[in-house]
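One file, data-v4.cif, carrying mmCIF, C-alpha atoms:
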```
data_input
#
loop_
_atom_site.label_atom_id
_atom_site.label_comp_id
_atom_site.auth_asym_id
_atom_site.auth_seq_id
_atom_site.Cartn_x
_atom_site.Cartn_y
_atom_site.Cartn_z
CA MET A 906 44.30 -94.23 -25.79
CA LYS A 907 46.42 -95.05 -22.79
CA VAL A 908 49.91 -93.72 -22.26
CA LEU A 909 52.26 -93.88 -19.27
CA LEU A 910 52.96 -90.43 -17.87
CA ILE A 911 55.85 -89.89 -15.47
CA ASN A 912 55.93 -86.44 -13.93
CA ASN A 913 59.10 -85.98 -11.89
CA ASN A 914 58.09 -82.53 -10.67
CA GLY A 915 56.93 -81.83 -7.14
CA GLY A 916 55.60 -84.90 -5.38
CA GLY A 917 55.98 -87.04 -8.47
CA PHE A 918 53.40 -88.95 -10.52
CA ALA A 919 53.71 -92.09 -12.55
CA ASP A 920 50.61 -93.76 -13.93
CA HIS A 921 48.72 -94.63 -17.06
CA ILE A 922 46.39 -91.93 -18.30
CA GLU A 923 43.87 -91.59 -21.09
CA VAL A 924 44.63 -89.10 -23.82
CA ALA A 925 42.74 -88.29 -26.96
CA ASP A 926 44.01 -89.67 -30.23
CA GLY A 927 46.24 -87.20 -31.98
CA THR A 928 47.45 -85.56 -28.77
CA THR A 929 50.91 -84.10 -29.21
CA VAL A 930 53.70 -83.88 -26.66
CA SER A 931 53.24 -80.13 -26.25
CA GLN A 932 49.49 -80.50 -25.80
CA LEU A 933 49.98 -83.09 -23.10
CA PHE A 934 52.53 -80.89 -21.37
CA ASP A 935 50.27 -77.85 -21.45
CA GLU A 936 47.40 -79.88 -20.07
CA ARG A 937 49.30 -81.62 -17.29
CA MET A 938 51.82 -78.94 -16.43
CA PRO A 939 49.95 -75.63 -16.50
CA ASP A 940 52.04 -72.56 -15.68
CA GLN A 941 55.24 -74.46 -16.48
CA LYS A 942 57.63 -73.91 -19.36
CA PRO A 943 58.68 -76.85 -21.52
CA ALA A 944 62.18 -75.38 -21.73
CA ASP A 945 62.55 -76.03 -18.00
CA TYR A 946 61.96 -79.74 -18.46
CA LEU A 947 63.57 -82.76 -19.99
CA ILE A 948 60.71 -84.30 -21.94
CA ARG A 949 61.30 -87.81 -23.19
CA VAL A 950 59.01 -90.11 -25.14
CA ASN A 951 60.04 -93.73 -24.74
CA ARG A 952 63.27 -92.44 -23.21
CA LEU A 953 64.17 -90.47 -26.33
CA PRO A 954 64.10 -86.72 -26.97
CA SER A 955 60.94 -85.68 -28.76
CA ALA A 956 59.69 -82.79 -30.82
CA ALA A 957 56.93 -80.67 -29.36
CA ASP A 958 54.59 -81.59 -32.20
CA GLN A 959 55.26 -85.32 -31.96
CA VAL A 960 51.96 -87.16 -31.91
CA LEU A 961 51.63 -89.64 -29.10
CA GLU A 962 50.77 -93.26 -29.70
CA ALA A 963 49.09 -95.80 -27.50
CA GLY A 964 51.51 -97.28 -24.97
CA ASP A 965 53.98 -94.41 -25.17
CA ARG A 966 56.03 -93.65 -22.06
CA ILE A 967 56.30 -89.91 -21.51
CA SER A 968 58.55 -88.52 -18.78
CA MET A 969 58.88 -84.90 -17.72
CA THR A 970 61.81 -84.08 -15.44
CA PRO A 971 62.76 -80.58 -14.28
CA THR A 972 66.23 -79.56 -15.36
CA LYS A 973 66.81 -77.51 -12.22
CA ILE A 974 65.58 -78.39 -8.75
CA GLU A 975 66.32 -76.59 -5.51
CA GLY A 976 68.50 -78.60 -3.20
CA ALA A 977 68.70 -78.06 0.51
CA MET B 1043 78.63 -97.27 -24.78
CA LEU B 1044 78.75 -100.19 -22.41
CA PRO B 1045 79.35 -103.49 -24.14
CA VAL B 1046 76.16 -105.51 -24.50
CA SER B 1047 77.45 -108.24 -22.20
CA LEU B 1048 78.15 -105.73 -19.41
CA LEU B 1049 74.87 -103.93 -20.06
CA LEU B 1050 72.93 -107.17 -19.69
CA ARG B 1051 74.88 -108.21 -16.63
CA VAL B 1052 74.18 -104.99 -14.74
CA ALA B 1053 70.58 -104.94 -15.93
CA ARG B 1054 70.10 -108.47 -14.60
CA ARG B 1055 71.64 -107.45 -11.30
CA LEU B 1056 69.33 -104.47 -10.93
CA HIS B 1057 66.33 -106.50 -12.07
CA PHE B 1058 67.12 -109.12 -9.43
CA LEU B 1059 67.35 -106.45 -6.71
CA TRP B 1060 64.07 -104.81 -7.59
CA SER B 1061 62.22 -108.10 -8.18
CA SER B 1062 63.29 -109.30 -4.74
CA ARG B 1063 61.79 -106.22 -3.22
CA PHE B 1064 58.35 -106.34 -4.79
CA GLU B 1065 55.80 -108.53 -2.95
CA PRO B 1066 53.47 -110.73 -4.94
CA ALA B 1067 49.78 -109.81 -4.93
CA ALA B 1068 48.07 -111.33 -1.89
CA GLU B 1069 44.64 -112.99 -2.13
CA PRO B 1070 41.95 -110.74 -0.64
CA PHE B 1071 41.02 -113.17 2.14
CA ARG B 1072 39.11 -110.60 4.14
CA ALA B 1073 36.86 -109.63 1.21
CA TRP B 1074 36.09 -113.31 0.55
CA SER B 1075 35.32 -113.88 4.22
CA VAL B 1076 32.85 -110.98 4.24
CA LEU B 1077 31.14 -112.39 1.14
CA GLU B 1078 30.80 -115.81 2.74
CA THR B 1079 29.22 -114.21 5.80
CA ASP B 1080 26.76 -112.32 3.58
CA LEU B 1081 25.75 -115.54 1.78
CA ALA B 1082 25.24 -117.38 5.06
CA GLU B 1083 23.00 -114.58 6.26
CA LEU B 1084 21.02 -114.60 3.03
CA ALA B 1085 20.52 -118.36 3.28
CA ARG B 1086 19.17 -117.94 6.82
CA LEU B 1087 16.78 -115.18 5.81
CA ARG B 1088 15.59 -117.22 2.84
CA ARG B 1089 14.68 -120.15 5.15
CA GLN B 1090 12.84 -117.77 7.49
CA LEU B 1091 10.90 -116.28 4.56
CA ARG B 1092 9.84 -119.72 3.35
CA LEU B 1093 8.73 -120.66 6.88
CA ALA B 1094 6.73 -117.45 7.28
CA ALA B 1095 5.06 -117.99 3.89
CA SER B 1096 4.21 -121.62 4.67
CA ARG B 1097 2.50 -120.61 7.92
CA ASN B 1098 0.76 -117.58 6.39
CA LEU B 1099 2.56 -115.24 8.81
CA ASP B 1100 2.12 -112.09 6.73
CA HIS B 1101 3.63 -109.67 9.20
CA ALA B 1102 6.70 -111.85 9.78
CA ARG B 1103 7.00 -112.43 6.04
CA THR B 1104 6.99 -108.68 5.39
CA GLU B 1105 9.74 -108.06 7.95
CA VAL B 1106 11.95 -110.91 6.78
CA ALA B 1107 11.50 -109.80 3.16
CA GLN B 1108 12.69 -106.32 4.21
CA GLN B 1109 15.76 -107.82 5.91
CA LEU B 1110 16.45 -109.99 2.87
CA THR B 1111 16.33 -106.94 0.59
CA GLU B 1112 18.83 -105.09 2.79
CA SER B 1113 21.14 -108.11 2.92
CA LEU B 1114 21.06 -108.45 -0.86
CA ALA B 1115 22.06 -104.77 -1.16
CA GLN B 1116 24.94 -105.40 1.27
CA LEU B 1117 25.97 -108.43 -0.76
CA SER B 1118 26.07 -106.24 -3.88
CA ARG B 1119 28.38 -103.73 -2.19
CA ASP B 1120 30.67 -106.45 -0.90
CA LEU B 1121 30.81 -108.04 -4.34
CA ASN B 1122 31.97 -104.72 -5.80
CA ARG B 1123 34.71 -104.47 -3.17
CA LEU B 1124 35.90 -107.96 -3.98
CA ARG B 1125 35.91 -107.13 -7.67
CA ASP B 1126 37.97 -103.98 -6.99
CA GLU B 1127 40.53 -106.08 -5.14
CA TYR B 1128 41.15 -108.06 -8.30
CA GLU B 1129 40.97 -105.13 -10.68
CA THR B 1130 43.42 -102.83 -8.80
CA PRO B 1131 46.64 -102.94 -10.82
CA ARG B 1132 49.49 -104.36 -8.79
CA VAL B 1133 52.79 -102.53 -8.80
CA ARG B 1134 55.16 -104.60 -10.80
CA PRO B 1135 58.91 -104.38 -10.75
CA PRO B 1136 60.59 -103.03 -13.87
CA SER B 1137 61.39 -105.67 -16.43
CA LEU B 1138 64.87 -106.60 -17.52
CA GLY B 1139 64.18 -104.68 -20.72
CA ASP B 1140 63.24 -101.59 -18.69
CA PHE B 1141 66.64 -101.62 -16.98
CA VAL B 1142 68.44 -102.13 -20.27
CA ARG B 1143 66.61 -99.18 -21.79
CA ASP B 1144 67.20 -97.02 -18.72
CA ILE B 1145 70.95 -97.62 -18.81
CA ARG B 1146 71.04 -96.80 -22.51
CA GLN B 1147 69.16 -93.59 -21.72
CA LEU B 1148 71.77 -92.77 -19.08
CA GLU B 1149 74.48 -93.12 -21.70
CA ALA B 1150 72.61 -90.67 -23.90
CA GLU B 1151 72.00 -88.13 -21.13
CA PHE B 1152 75.39 -88.12 -19.41
CA ALA B 1153 78.99 -87.61 -20.47
CA ALA B 1154 79.97 -91.09 -19.37
CA VAL B 1155 78.47 -94.13 -17.70
CA GLU B 1156 80.48 -96.78 -15.88
CA VAL B 1157 79.76 -99.91 -13.92
CA ARG B 1158 82.07 -100.54 -10.97
CA TRP B 1159 81.44 -104.11 -9.91
CA SER B 1160 83.80 -104.13 -6.94
CA ASP B 1161 82.01 -101.11 -5.48
CA GLY B 1162 78.53 -102.19 -6.54
CA VAL B 1163 78.05 -98.90 -8.37
CA VAL B 1164 76.48 -97.58 -11.52
CA ARG B 1165 78.19 -94.27 -12.21
CA ALA B 1166 77.11 -91.42 -14.46
CA VAL B 1167 79.45 -88.49 -14.98
CA THR B 1168 78.13 -84.96 -15.41
CA GLU B 1169 79.48 -82.18 -17.53
CA PRO B 1170 81.56 -79.54 -15.69
CA ILE B 1171 79.19 -77.60 -13.50
CA VAL B 1172 79.47 -73.86 -12.92
CA LEU B 1173 77.12 -72.16 -10.49
CA GLY B 1174 77.12 -68.41 -9.96
CA GLY B 1175 80.40 -68.12 -11.83
CA VAL B 1176 82.08 -70.62 -9.48
CA PRO B 1177 83.50 -73.62 -11.32
CA LEU B 1178 82.74 -76.77 -9.35
CA GLY B 1179 84.03 -79.28 -11.89
CA SER B 1180 82.28 -82.39 -13.05
CA PHE B 1181 80.70 -84.86 -10.68
CA ALA B 1182 80.25 -88.59 -10.63
CA ILE B 1183 76.75 -89.62 -9.57
CA ASP B 1184 77.17 -93.06 -8.04
CA PHE B 1185 74.18 -95.32 -7.45
CA HIS B 1186 75.13 -97.96 -4.87
CA TRP B 1187 73.21 -101.18 -5.34
CA ASN B 1188 75.04 -102.97 -2.53
CA ARG B 1189 74.02 -100.64 0.23
CA GLU B 1190 72.00 -102.25 2.97
CA LYS B 1191 68.99 -100.29 1.84
CA PRO B 1192 69.46 -99.40 -1.81
CA PHE B 1193 65.97 -98.01 -2.18
CA LEU B 1194 66.17 -94.90 -0.03
CA GLY B 1195 66.02 -92.14 -2.61
CA ALA B 1196 68.91 -89.73 -2.28
CA LYS B 1197 70.70 -92.00 0.19
CA SER B 1198 71.19 -94.53 -2.55
CA PHE B 1199 73.51 -92.05 -4.24
CA GLU B 1200 76.97 -90.75 -3.57
CA ILE B 1201 78.22 -87.59 -5.26
CA VAL B 1202 81.93 -87.61 -6.04
CA ALA B 1203 83.64 -84.41 -7.16
CA LEU B 1204 86.03 -85.33 -9.95
CA GLU B 1205 87.73 -81.90 -10.03
CA PRO B 1206 87.03 -80.70 -6.50
CA ASN B 1207 86.96 -76.98 -5.85
CA PRO B 1208 85.73 -76.76 -2.26
CA PRO B 1209 85.69 -73.52 -0.28
CA SER B 1210 88.66 -73.12 2.03
CA GLY B 1211 87.98 -74.53 5.44
CA HIS B 1212 85.20 -76.76 4.07
CA GLU B 1213 86.95 -79.49 2.12
CA ASP B 1214 83.95 -81.81 2.60
CA VAL B 1215 81.62 -79.44 0.73
CA THR B 1216 82.24 -79.88 -2.99
CA HIS B 1217 78.92 -78.38 -4.08
CA PRO B 1218 76.54 -76.04 -2.25
CA HIS B 1219 74.15 -78.97 -1.77
CA VAL B 1220 76.63 -81.81 -1.27
CA HIS B 1221 78.33 -82.56 2.04
CA ASP B 1222 80.72 -85.43 2.49
CA GLY B 1223 79.47 -87.05 -0.70
CA ALA B 1224 75.81 -86.91 0.32
CA LEU B 1225 73.33 -84.92 -1.71
CA CYS B 1226 70.75 -82.86 0.12
CA PRO B 1227 67.94 -83.26 -2.42
CA GLY B 1228 65.52 -80.58 -1.19
CA ASP B 1229 62.56 -80.40 -3.58
CA ALA B 1230 63.80 -83.49 -5.39
CA ALA B 1231 63.44 -85.73 -2.32
CA ASP B 1232 59.94 -87.07 -3.07
CA PRO B 1233 60.23 -87.65 -6.82
CA LEU B 1234 63.70 -89.11 -6.28
CA GLU B 1235 62.42 -91.59 -3.75
CA ASP B 1236 59.53 -92.50 -6.06
CA ALA B 1237 61.90 -93.04 -8.97
CA VAL B 1238 64.25 -95.23 -6.95
CA VAL B 1239 61.44 -97.32 -5.44
CA ALA B 1240 59.89 -97.81 -8.87
CA GLY B 1241 63.23 -98.75 -10.43
CA ARG B 1242 63.23 -95.78 -12.82
CA VAL B 1243 66.99 -95.57 -12.70
CA ALA B 1244 67.44 -92.99 -15.45
CA ASP B 1245 64.84 -90.69 -13.91
CA ALA B 1246 66.62 -90.93 -10.55
CA PHE B 1247 69.96 -89.94 -12.04
CA LEU B 1248 68.35 -87.05 -13.93
CA LEU B 1249 66.75 -85.78 -10.74
CA VAL B 1250 70.10 -85.82 -8.94
CA HIS B 1251 71.62 -83.97 -11.88
CA ALA B 1252 68.85 -81.37 -11.68
CA VAL B 1253 69.81 -80.60 -8.09
CA LEU B 1254 73.50 -80.38 -8.95
CA SER B 1255 72.65 -77.99 -11.79
CA HIS B 1256 70.90 -75.45 -9.60
CA TYR B 1257 71.87 -73.23 -6.69
CA ASN B 1258 69.51 -72.53 -3.81
CA PRO B 1259 71.10 -69.67 -1.82
CA ASN B 1260 68.58 -70.09 0.99
CA SER B 1261 69.72 -73.56 1.92
CA ALA B 1262 73.34 -74.22 0.99
CA TYR B 1263 76.04 -75.80 3.11
CA VAL B 1264 78.30 -72.95 1.97
CA ARG B 1265 76.93 -70.02 0.02
CA LEU B 1266 78.54 -69.29 -3.33
CA ALA B 1267 79.28 -65.73 -2.19
CA GLU B 1268 81.58 -67.26 0.39
CA TRP B 1269 82.92 -70.03 -1.79
CA GLU B 1270 86.03 -68.34 -3.00
CA GLY B 1271 88.22 -66.35 -0.65
CA PHE B 1272 89.53 -67.52 2.67
CA LEU B 1273 88.67 -67.93 6.31
CA CYS B 1274 90.31 -65.38 8.62
CA ALA B 1275 92.29 -67.29 11.25
CA ASP B 1276 91.39 -64.76 13.95
CA CYS B 1277 87.72 -63.86 13.48
CA GLN B 1278 86.70 -66.87 11.33
CA ARG B 1279 84.93 -64.60 8.81
CA ARG B 1280 85.08 -65.60 5.15
CA VAL B 1281 86.77 -62.82 3.23
CA ALA B 1282 87.38 -62.21 -0.45
CA ASP B 1283 90.89 -63.00 -1.67
CA GLU B 1284 91.74 -59.35 -2.29
CA GLY B 1285 91.30 -58.58 1.41
CA CYS B 1286 93.83 -61.18 2.51
CA PHE B 1287 96.87 -60.56 4.70
CA THR B 1288 99.33 -63.22 5.72
CA CYS B 1289 101.09 -63.30 9.06
CA GLU B 1290 104.79 -63.26 8.21
CA GLU B 1291 105.60 -65.36 11.24
CA CYS B 1292 103.03 -68.17 11.28
CA ASN B 1293 101.59 -67.78 7.73
CA ASP B 1294 97.97 -67.62 8.93
CA SER B 1295 95.52 -65.84 6.60
CA LEU B 1296 93.92 -62.73 8.07
CA CYS B 1297 91.32 -60.19 7.08
CA ASP B 1298 92.23 -56.49 7.03
CA GLU B 1299 90.49 -55.93 10.35
CA CYS B 1300 92.45 -58.63 12.19
CA ALA B 1301 95.86 -58.10 10.58
CA VAL B 1302 98.29 -56.29 12.86
CA THR B 1303 101.32 -54.28 11.82
CA CYS B 1304 104.34 -54.33 14.09
CA ALA B 1305 104.81 -50.79 15.30
CA ALA B 1306 108.58 -51.18 15.01
CA CYS B 1307 109.32 -53.12 11.81
CA SER B 1308 105.90 -52.78 10.10
CA ALA B 1309 105.73 -56.53 9.42
CA ALA B 1310 102.23 -57.99 9.05
CA ARG B 1311 101.36 -60.23 11.97
CA CYS B 1312 98.39 -61.91 13.59
CA SER B 1313 97.37 -61.16 17.13
CA ASN B 1314 99.01 -64.35 18.42
CA CYS B 1315 102.38 -63.35 16.99
CA THR B 1316 102.42 -59.86 18.51
CA ILE B 1317 102.48 -58.62 22.07
CA PRO B 1318 102.03 -55.10 23.39
CA CYS B 1319 104.91 -53.03 24.63
CA ASP B 1320 104.58 -52.77 28.38
CA VAL B 1321 105.01 -49.00 28.16
CA CYS B 1322 103.26 -47.68 25.07
CA ARG B 1323 100.99 -50.73 24.57
CA ASP B 1324 101.57 -50.70 20.80
CA ARG B 1325 101.74 -54.24 19.38
CA HIS B 1326 105.13 -55.50 18.25
CA CYS B 1327 106.74 -58.69 17.07
CA ARG B 1328 108.42 -60.46 19.94
CA ALA B 1329 111.73 -59.88 18.20
CA CYS B 1330 111.17 -56.12 18.30
CA LEU B 1331 110.76 -55.99 22.06
CA THR B 1332 113.46 -56.24 24.68
CA GLY B 1333 113.01 -58.81 27.35
CA GLY B 1334 113.88 -59.10 30.93
CA ARG B 1335 111.05 -58.55 33.29
CA ARG B 1336 109.30 -56.23 30.85
CA ALA B 1337 108.78 -56.31 27.12
CA VAL B 1338 109.65 -52.83 25.93
CA CYS B 1339 110.03 -51.47 22.44
CA ALA B 1340 113.07 -49.55 21.27
CA ASP B 1341 111.27 -46.22 21.36
CA CYS B 1342 110.24 -46.70 24.93
CA ARG B 1343 113.72 -47.86 26.01
CA THR B 1344 115.09 -44.55 24.65
CA ASP B 1345 112.61 -42.43 26.57
CA PRO B 1346 113.07 -42.55 30.34
CA LEU B 1347 110.25 -44.10 32.24
CA PRO B 1348 108.11 -41.76 34.35
CA PRO B 1349 109.29 -41.80 38.01
CA GLU B 1350 106.10 -43.42 39.31
CA GLU B 1351 106.61 -46.36 37.05
CA GLU B 1352 110.10 -47.18 38.35
CA GLU B 1353 110.38 -50.13 40.65
CA PRO B 1354 112.77 -49.31 43.53
CA SER B 1355 115.00 -52.28 44.23
CA ASP B 1356 118.76 -52.82 44.71
CA ASP B 1357 118.50 -55.85 42.52
CA GLU B 1358 116.73 -53.87 39.86
CA THR B 1359 119.47 -51.15 39.96
CA GLU B 1360 122.21 -53.70 39.62
CA SER B 1361 120.49 -55.53 36.77
CA ALA B 1362 119.85 -52.26 34.92
CA GLU B 1363 123.61 -51.75 34.54
CA LYS B 1364 124.02 -55.01 32.81
CA PRO B 1365 123.37 -55.37 29.11
CA VAL B 1366 119.87 -56.66 28.46
CA ALA B 1367 119.61 -59.62 26.16
CA ALA B 1368 117.21 -59.05 23.31
CA VAL B 1369 114.19 -61.27 23.31
CA GLY B 1370 114.54 -63.53 20.37
CA PRO B 1371 111.67 -65.03 18.49
CA LEU B 1372 109.83 -67.69 20.46
#
```
Can you present the structure in this file as structure tokens?
Amino acid sequence: MKVLLINNNGGGFADHIEVADGTTVSQLFDERMPDQKPADYLIRVNRLPSAADQVLEAGDRISMTPTKIEGA
Amino acid sequence: MLPVSLLLRVARRLHFLWSSRFEPAAEPFRAWSVLETDLAELARLRRQLRLAASRNLDHARTEVAQQLTESLAQLSRDLNRLRDEYETPRVRPPSLGDFVRDIRQLEAEFAAVEVRWSDGVVRAVTEPIVLGGVPLGSFAIDFHWNREKPFLGAKSFEIVALEPNPPSGHEDVTHPHVHDGALCPGDAADPLEDAVVAGRVADAFLLVHAVLSHYNPNSAYVRLAEWEGFLCADCQRRVADEGCFTCEECNDSLCDECAVTCAACSAARCSNCTIPCDVCRDRHCRACLTGGRRAVCADCRTDPLPPEEEEPSDDETESAEKPVAAVGPL
């Protein structure tokens, strides 16, 4: 199924991706953000806070935004 | 929460701005032109093949057939390119509903959200921010939609300190990464620009907040270690508050290395408010030195000057018998 993933880390990414049915928020995070900790991110599904075990649905909008970024 | 009428009004305004910026998908004229050229070439080769066959020109027919095969392969590739032109998803501006939902998300993520129509600003207020034990107060993150170029990432935003606590001598630095209201986004620059260009307003505000919530000691306008304390008026070093001396004459703040003590009255002074005795060279307040042609402290006036330092002159002898007026403060 297709979902919209917005990754506000690093260079940024915003596009539709295919994920397997039954994929949870935490599974998607682990897959797309290896070596990162969920606690360091604001993870929103359809602009709302989500549980780690929330199962994604087709058309969901998932955003992942770091809570702390180094300014200059 | 913003009233629905205001929410819709600002969402329409933002939607109009972003819609104006996005260009409609252009027809792929070049790809069509290439296809038309391919078809013309194929038609020519087809006529040649028929002619060769009708005249039993086997060799010519073989060559033209080879060329026709290659042209058909080229046509296939060009058809795929034309198909890709129509299948590539065009970037679309956010919908009115997207802006409505983003503003509602802002209200959920921030302490307060305002719309300032006269300034052309959507404002989100942060919680009080403390970095490295230094309280910086809360900040207003202002997105300016009326700026000449409202789609320039961090430059679309102004950061306003609502309870400013700047370091002394740097009133325009209200946060280690904010100077004169402008955020220096650092690692957030690229995703922030992407978010603003794409109209992901809530994401843009959250990225700004993420920079305000973190301290990068390697690239700060003023380091937190130097935030509190004061700037020595003489050497311009930043010194902790406990090492502060104040000149009792001009009230300048001084570090312990630059503070001078009058050798006569022991008052704390800066170097500008003291001068050396012409005899002993110890620094004194001007009020503690006698004037005339030489500034001399009381101790040195008591002790006779060495003979070689006397200046032989009738005028000098006469003036020495007269009372010397004390040099008052300048």
Surrounding residues of Cys1304 (chain B) excluding itself and chain neighbours under 2 positions, 9 Å, all atoms listed in the file, as a ChimeraX atom specification: /B:1302,1306-1311,1316,1324-1327,1330
Between chain A and chain B, at 8 Å or less, what are the per-residue closest atom pairs and their distances in Å? Count all atoms listed in the file, order by chain and rising residue number, and return it as a Markdown table.
```
| residue | atom | partner | partner_atom | distance |
| --- | --- | --- | --- | --- |
| A:Asn913 | CA | B:Pro1233 | CA | 5.5 |
| A:Asn914 | CA | B:Pro1233 | CA | 6.8 |
| A:Gly915 | CA | B:Pro1233 | CA | 6.7 |
| A:Gly916 | CA | B:Asp1232 | CA | 5.4 |
| A:Gly917 | CA | B:Pro1233 | CA | 4.6 |
| A:Phe918 | CA | B:Pro1233 | CA | 7.9 |
| A:Arg952 | CA | B:Gln1147 | CA | 6.2 |
| A:Leu953 | CA | B:Gln1147 | CA | 7.5 |
| A:Thr970 | CA | B:Leu1249 | CA | 7.0 |
| A:Pro971 | CA | B:Ala1252 | CA | 6.7 |
| A:Thr972 | CA | B:Ala1252 | CA | 4.9 |
| A:Lys973 | CA | B:Ala1252 | CA | 4.4 |
| A:Ile974 | CA | B:Val1253 | CA | 4.8 |
| A:Glu975 | CA | B:Asn1258 | CA | 5.4 |
| A:Gly976 | CA | B:Gly1228 | CA | 4.1 |
| A:Ala977 | CA | B:Gly1228 | CA | 4.4 |
```
Nearest candidate to Ile948 (chain A) (options A:Gly927, A:Asp920, A:Phe934, A:Ala963; using all atoms listed in the file):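 The answer is A:Phe934, which sits nearest to Ile948 (chain A).
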Nearest-residue call for Asp945 (chain A), choices A:Thr928, A:Ala957, A:Leu909, A:Met969, using only C-alpha atoms: A:Met969
Could you list the residues chosen by the PyMOL selection byres ((chain B and resi 1139-1142) around 12) in this structure as a compact mmCIF listing (two decimals) with C-alpha atoms, keeping the file's coordinate frame?
```txt
# COMPACT_ATOMS: atom_id res chain seq x y z
CA ASN A 951 60.04 -93.73 -24.74
CA ARG A 952 63.27 -92.44 -23.21
CA ARG A 966 56.03 -93.65 -22.06
CA LEU B 1044 78.75 -100.19 -22.41
CA PRO B 1045 79.35 -103.49 -24.14
CA VAL B 1046 76.16 -105.51 -24.50
CA SER B 1047 77.45 -108.24 -22.20
CA LEU B 1048 78.15 -105.73 -19.41
CA LEU B 1049 74.87 -103.93 -20.06
CA LEU B 1050 72.93 -107.17 -19.69
CA ARG B 1051 74.88 -108.21 -16.63
CA VAL B 1052 74.18 -104.99 -14.74
CA ALA B 1053 70.58 -104.94 -15.93
CA ARG B 1054 70.10 -108.47 -14.60
CA ARG B 1055 71.64 -107.45 -11.30
CA LEU B 1056 69.33 -104.47 -10.93
CA HIS B 1057 66.33 -106.50 -12.07
CA PHE B 1058 67.12 -109.12 -9.43
CA LEU B 1059 67.35 -106.45 -6.71
CA TRP B 1060 64.07 -104.81 -7.59
CA SER B 1061 62.22 -108.10 -8.18
CA ARG B 1134 55.16 -104.60 -10.80
CA PRO B 1135 58.91 -104.38 -10.75
CA PRO B 1136 60.59 -103.03 -13.87
CA SER B 1137 61.39 -105.67 -16.43
CA LEU B 1138 64.87 -106.60 -17.52
CA ARG B 1143 66.61 -99.18 -21.79
CA ASP B 1144 67.20 -97.02 -18.72
CA ILE B 1145 70.95 -97.62 -18.81
CA ARG B 1146 71.04 -96.80 -22.51
CA GLN B 1147 69.16 -93.59 -21.72
CA LEU B 1148 71.77 -92.77 -19.08
CA GLU B 1149 74.48 -93.12 -21.70
CA VAL B 1164 76.48 -97.58 -11.52
CA ALA B 1240 59.89 -97.81 -8.87
CA GLY B 1241 63.23 -98.75 -10.43
CA ARG B 1242 63.23 -95.78 -12.82
CA VAL B 1243 66.99 -95.57 -12.70
CA ALA B 1244 67.44 -92.99 -15.45
CA ASP B 1245 64.84 -90.69 -13.91
```
Selection dump of the PyMOL selection byres ((chain B and resi 1178-1187) around 7), as a list in words: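 With the shown file as input, the PyMOL selection byres ((chain B and resi 1178-1187) around 7) matches Gly1162, Val1163, Val1164, Arg1165, Ala1166, Val1167, Thr1168, Glu1169, Pro1170, Ile1171, Val1172, Val1176, Pro1177, Asn1188, Arg1189, Pro1192, Ser1198, Phe1199, Glu1200, Ile1201, Val1202, Ala1203, Leu1204, Glu1205, Pro1206, Asn1207 and His1217 of chain B.
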Within 10 Å of Glu962 (chain A), counting all atoms listed in the file, which residues qualify if same-chain residues fewer than 4 places away don't, as a CSV table (one decimal) with C-alpha atoms, in the coordinates of the input?
```
chain,number,residue,atom,x,y,z
A,906,MET,CA,44.3,-94.2,-25.8
A,907,LYS,CA,46.4,-95.0,-22.8
A,908,VAL,CA,49.9,-93.7,-22.3
A,924,VAL,CA,44.6,-89.1,-23.8
A,925,ALA,CA,42.7,-88.3,-27.0
A,926,ASP,CA,44.0,-89.7,-30.2
A,927,GLY,CA,46.2,-87.2,-32.0
A,928,THR,CA,47.4,-85.6,-28.8
A,929,THR,CA,50.9,-84.1,-29.2
A,950,VAL,CA,59.0,-90.1,-25.1
A,966,ARG,CA,56.0,-93.6,-22.1
```
Separation of CA of Leu1296 (chain B) from CA of Arg1336 (chain B), in Å and rounded to one decimal: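 CA of Leu1296 (chain B) sits 28.2 Å away from CA of Arg1336 (chain B).
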Option closest in space to Leu961 (chain A), from A:Leu910, A:Leu947, A:Ala919, A:Met938 [counting all atoms listed in the file]: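 The closest residue to Leu961 (chain A) is A:Leu910.
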Taking only residues of region 1117-1220 of chain B that have an atom at most 12 Å from an atom of region 1081-1091 of chain B, what is each one's shortest atom pair and its distance in Å to one decimal, using all atoms listed in the file, in chain and number order, as CSV?
```
residue,atom,partner,partner_atom,distance
B:Leu1117,CA,B:Leu1081,CA,7.6
B:Ser1118,CA,B:Leu1081,CA,10.9
B:Asp1120,CA,B:Leu1081,CA,10.7
B:Leu1121,CA,B:Leu1081,CA,10.9
```
Minimum-distance residue to Ala1329 (chain B), chosen among B:Cys1274, B:Leu1099, B:Cys1315, B:Ala1107 (using all atoms listed in the file):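 For Ala1329 (chain B), the nearest of the given residues is B:Cys1315.
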Length of the CA of Ser1210 (chain B) to CA of Phe1272 (chain B) vector [Å]: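 Computed distance, CA of Ser1210 (chain B) to CA of Phe1272 (chain B), equals 5.7 Å.
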Point-to-point distance in Å for CA of Glu1299 (chain B) and CA of Asp1214 (chain B): 27.8 Å
Selected residue, from A:Ile911, A:Asp935, A:Gly964, A:Gln959, that lies nearest to Glu923 (chain A) when counting only C-alpha atoms: A:Gly964
Resolved residues for the PyMOL selection byres ((chain B and resi 1270) around 9) as a list in words: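 So the PyMOL selection byres ((chain B and resi 1270) around 9), applied here, picks out Val1176, Pro1208, Pro1209, Ser1210, Leu1266, Ala1267, Glu1268, Trp1269, Gly1271, Phe1272, Arg1280, Val1281, Ala1282 and Asp1283 of chain B.
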